[in-house]
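Comments concern the structure below.
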Amino acid sequence: MPTNPPGGLGHVPVAVYSCAATSTDLGESEERGRYHADARHWQVAGVWSARASSLPLMERPGWQAFTAALSAGMIRGVVVSGLTHVAAGAAQFAGLGVLLRDRGGFLADASSGTPTRRTPGQARRRHDIADAASGWFTQQDTYEEGVS
């Protein structure tokens with residue numbers, strides 16, 4: 001099992017879990033969780049979700065699948081796009097984090113980082129800028145100064 005700390009970078013297998021009323025909200029929550037994991041170079045090994053319901057967290061099939069994967073050592077932690085997906089408040093969220101740490105895992109809240117939506121052109125431009133900053137020039141028509 002990986003030994004990276006919960007806040008650190010590394011190839012740590014995690015799950016993304018969300019609970020929302022609509023499939024659109026579930027998709028956005030999953031995207032936010034994946035973005036959070038990708039920013040830390042964590043490998044998303046599973047995605048579980050549940051429709052918003054009155055079932056307690058521990059009785060939701062998606063959460064039970066996550067805890068089974070954690071117990072089996074398949075994943076190291078869970079990323080949620082907001083504490084309301086798994087808890088009624090901050091104190092309950094903190095308590096859940098302690099429970100998961102006792103089981104050798106961690107709980108990460110991705111609500112602070114919202115994925116930026118970019119068009120393919122914007123993504124390509126950012127890639128070109130990063131290449132240029134590192135000394136790679138991908139454009140064929142790039143001219144050096146003073147060369148005729």
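Simple scheme: letters A, B, ... for chains in structure tokens order, numbers from 1 for residues in each chain, numbers from 1 for ligands in the order shown.
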
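Residues with any atom within 10 Å of segment 66-70 of chain A, counting only C-alpha atoms and excluding same-chain neighbours fewer than 4 positions away, are Pro13, Val14, Ala15, Val16, Tyr17, Ala45, Gly46, Val47, Trp48, Ser49, Met58, Pro61, Gly62, Met74, Ile75, Arg76, Gly77, Val78, Leu100, Arg103, Gly104, Gly105 and Phe106 of chain A.
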
Save out the residues we just selected, N, CA and C atoms, as an mmCIF file, in the first residue's frame.
```
data_model
loop_
_atom_site.group_PDB
_atom_site.id
_atom_site.type_symbol
_atom_site.label_atom_id
_atom_site.label_comp_id
_atom_site.auth_asym_id
_atom_site.auth_seq_id
_atom_site.Cartn_x
_atom_site.Cartn_y
_atom_site.Cartn_z
ATOM 1 N N PRO A 13 -3.902 5.429 -4.803
ATOM 2 C CA PRO A 13 -5.218 5.057 -5.328
ATOM 3 C C PRO A 13 -6.330 5.587 -4.422
ATOM 4 N N VAL A 14 -7.257 6.309 -5.018
ATOM 5 C CA VAL A 14 -8.370 6.886 -4.265
ATOM 6 C C VAL A 14 -9.687 6.594 -4.973
ATOM 7 N N ALA A 15 -10.749 6.828 -4.246
ATOM 8 C CA ALA A 15 -12.094 6.746 -4.811
ATOM 9 C C ALA A 15 -12.693 8.144 -4.805
ATOM 10 N N VAL A 16 -13.604 8.378 -5.720
ATOM 11 C CA VAL A 16 -14.377 9.611 -5.735
ATOM 12 C C VAL A 16 -15.801 9.214 -5.358
ATOM 13 N N TYR A 17 -16.342 9.895 -4.363
ATOM 14 C CA TYR A 17 -17.701 9.587 -3.908
ATOM 15 C C TYR A 17 -18.535 10.858 -3.936
ATOM 16 N N ALA A 45 -9.170 5.161 -8.617
ATOM 17 C CA ALA A 45 -9.351 3.719 -8.810
ATOM 18 C C ALA A 45 -10.817 3.317 -8.815
ATOM 19 N N GLY A 46 -11.694 4.211 -8.421
ATOM 20 C CA GLY A 46 -13.115 3.897 -8.402
ATOM 21 C C GLY A 46 -13.945 5.138 -8.195
ATOM 22 N N VAL A 47 -15.147 5.110 -8.733
ATOM 23 C CA VAL A 47 -16.091 6.214 -8.566
ATOM 24 C C VAL A 47 -17.405 5.616 -8.103
ATOM 25 N N TRP A 48 -17.876 6.077 -6.960
ATOM 26 C CA TRP A 48 -19.155 5.621 -6.443
ATOM 27 C C TRP A 48 -20.024 6.829 -6.160
ATOM 28 N N SER A 49 -21.312 6.658 -6.362
ATOM 29 C CA SER A 49 -22.231 7.755 -6.108
ATOM 30 C C SER A 49 -23.556 7.222 -5.601
ATOM 31 N N MET A 58 -23.640 5.163 6.105
ATOM 32 C CA MET A 58 -23.111 3.800 6.208
ATOM 33 C C MET A 58 -24.015 2.756 5.555
ATOM 34 N N PRO A 61 -25.373 2.011 -0.665
ATOM 35 C CA PRO A 61 -24.584 1.002 -1.397
ATOM 36 C C PRO A 61 -23.249 1.536 -1.922
ATOM 37 N N GLY A 62 -23.217 2.761 -2.417
ATOM 38 C CA GLY A 62 -21.964 3.328 -2.923
ATOM 39 C C GLY A 62 -20.917 3.490 -1.842
ATOM 40 N N MET A 74 -7.525 -1.827 -1.813
ATOM 41 C CA MET A 74 -7.553 -1.411 -3.220
ATOM 42 C C MET A 74 -7.424 0.102 -3.364
ATOM 43 N N ILE A 75 -7.880 0.847 -2.379
ATOM 44 C CA ILE A 75 -7.778 2.300 -2.391
ATOM 45 C C ILE A 75 -7.263 2.766 -1.050
ATOM 46 N N ARG A 76 -6.799 3.987 -1.034
ATOM 47 C CA ARG A 76 -6.209 4.541 0.186
ATOM 48 C C ARG A 76 -7.088 5.605 0.820
ATOM 49 N N GLY A 77 -7.942 6.252 0.030
ATOM 50 C CA GLY A 77 -8.768 7.308 0.571
ATOM 51 C C GLY A 77 -9.932 7.612 -0.343
ATOM 52 N N VAL A 78 -10.707 8.595 0.066
ATOM 53 C CA VAL A 78 -11.873 9.004 -0.712
ATOM 54 C C VAL A 78 -11.859 10.521 -0.872
ATOM 55 N N LEU A 100 -11.984 7.115 9.193
ATOM 56 C CA LEU A 100 -11.240 6.589 8.042
ATOM 57 C C LEU A 100 -9.750 6.487 8.339
ATOM 58 N N ARG A 103 -8.909 3.410 10.060
ATOM 59 C CA ARG A 103 -8.935 2.251 9.156
ATOM 60 C C ARG A 103 -7.792 2.299 8.146
ATOM 61 N N GLY A 104 -6.893 3.274 8.276
ATOM 62 C CA GLY A 104 -5.739 3.369 7.393
ATOM 63 C C GLY A 104 -5.977 4.184 6.138
ATOM 64 N N GLY A 105 -7.053 4.945 6.093
ATOM 65 C CA GLY A 105 -7.369 5.744 4.905
ATOM 66 C C GLY A 105 -7.450 7.216 5.234
ATOM 67 N N PHE A 106 -7.946 7.985 4.293
ATOM 68 C CA PHE A 106 -8.118 9.417 4.514
ATOM 69 C C PHE A 106 -9.327 9.915 3.729
#
```

Near Arg34 of chain A, within 9 Å and counting only C-alpha atoms, which residues show up once chain neighbours fewer than 2 positions away are dropped, as JSON, numbers by chain?
{"A": [15, 16, 29, 30, 31, 32, 36, 37, 38, 39, 42, 43, 44, 79, 110]}

Would you output that residue set with N, CA, C and O atoms, as a tab-separated table (two decimals), in the first residue's frame?
```
chain	number	residue	atom	x	y	z
A	15	ALA	N	-10.75	6.83	-4.25
A	15	ALA	CA	-12.09	6.75	-4.81
A	15	ALA	C	-12.69	8.14	-4.81
A	15	ALA	O	-12.33	8.98	-3.98
A	16	VAL	N	-13.60	8.38	-5.72
A	16	VAL	CA	-14.38	9.61	-5.73
A	16	VAL	C	-15.80	9.21	-5.36
A	16	VAL	O	-16.37	8.30	-5.95
A	29	SER	N	-20.05	16.74	-9.55
A	29	SER	CA	-19.33	16.34	-8.32
A	29	SER	C	-18.19	15.39	-8.64
A	29	SER	O	-17.09	15.50	-8.09
A	30	GLU	N	-18.46	14.43	-9.54
A	30	GLU	CA	-17.41	13.50	-9.93
A	30	GLU	C	-16.26	14.24	-10.61
A	30	GLU	O	-15.09	13.99	-10.34
A	31	GLU	N	-16.60	15.18	-11.49
A	31	GLU	CA	-15.58	15.95	-12.19
A	31	GLU	C	-14.71	16.73	-11.20
A	31	GLU	O	-13.49	16.74	-11.31
A	32	ARG	N	-15.33	17.36	-10.22
A	32	ARG	CA	-14.60	18.11	-9.21
A	32	ARG	C	-13.69	17.19	-8.40
A	32	ARG	O	-12.54	17.51	-8.12
A	36	HIS	N	-9.55	17.26	-8.33
A	36	HIS	CA	-8.81	17.35	-7.07
A	36	HIS	C	-7.76	16.24	-7.00
A	36	HIS	O	-6.61	16.47	-6.62
A	37	ALA	N	-8.17	15.02	-7.35
A	37	ALA	CA	-7.24	13.88	-7.32
A	37	ALA	C	-6.13	14.05	-8.35
A	37	ALA	O	-4.95	13.82	-8.05
A	38	ASP	N	-6.48	14.45	-9.56
A	38	ASP	CA	-5.47	14.64	-10.61
A	38	ASP	C	-4.45	15.69	-10.24
A	38	ASP	O	-3.27	15.56	-10.54
A	39	ALA	N	-4.90	16.76	-9.57
A	39	ALA	CA	-3.98	17.83	-9.17
A	39	ALA	C	-2.94	17.34	-8.18
A	39	ALA	O	-1.87	17.92	-8.05
A	42	TRP	N	-3.04	11.67	-7.70
A	42	TRP	CA	-3.65	10.49	-7.13
A	42	TRP	C	-4.37	9.75	-8.23
A	42	TRP	O	-4.99	10.35	-9.11
A	43	GLN	N	-4.31	8.45	-8.21
A	43	GLN	CA	-4.96	7.62	-9.21
A	43	GLN	C	-6.40	7.35	-8.77
A	43	GLN	O	-6.63	6.81	-7.68
A	44	VAL	N	-7.37	7.71	-9.61
A	44	VAL	CA	-8.77	7.43	-9.29
A	44	VAL	C	-9.04	5.98	-9.65
A	44	VAL	O	-9.11	5.61	-10.81
A	79	VAL	N	-12.23	10.97	-2.06
A	79	VAL	CA	-12.34	12.39	-2.37
A	79	VAL	C	-13.82	12.69	-2.57
A	79	VAL	O	-14.49	12.02	-3.34
A	110	ALA	N	-12.89	18.22	-1.79
A	110	ALA	CA	-12.49	18.91	-3.02
A	110	ALA	C	-13.29	20.17	-3.27
A	110	ALA	O	-13.22	20.74	-4.34
```

Using backbone DSSP assignments, extract all strand (DSSP E or B) residues from segment 36-135 of chain A; output them as a PyMOL selection string.
chain A and resi 43-51+77-80+106-109

Which residues come within 12 Å of Ser54 of chain A, counting only C-alpha atoms, excluding same-chain residues fewer than 3 positions away, as JSON, numbers by chain?
{"A": [19, 20, 21, 50, 51, 57, 58, 59, 60, 86, 88]}

Between atom CA of Asp109 of chain A and atom CA of Ser23 of chain A, what is the distance in Å, rounded to a tenth?
20.2 Å

If I take atom CA of Gly33 of chain A and atom CA of Val12 of chain A, how far is one from the other in Å, to one decimal?
14.1 Å

Picked from segment 10-141 of chain A by DSSP as alpha helix (DSSP H), as a PyMOL selection string
chain A and resi 23-39+61-71+90-102+120-133

Atomic distance atom CA of Gly73 of chain A - atom CA of Arg101 of chain A, expressed in Å with one decimal
13.4 Å
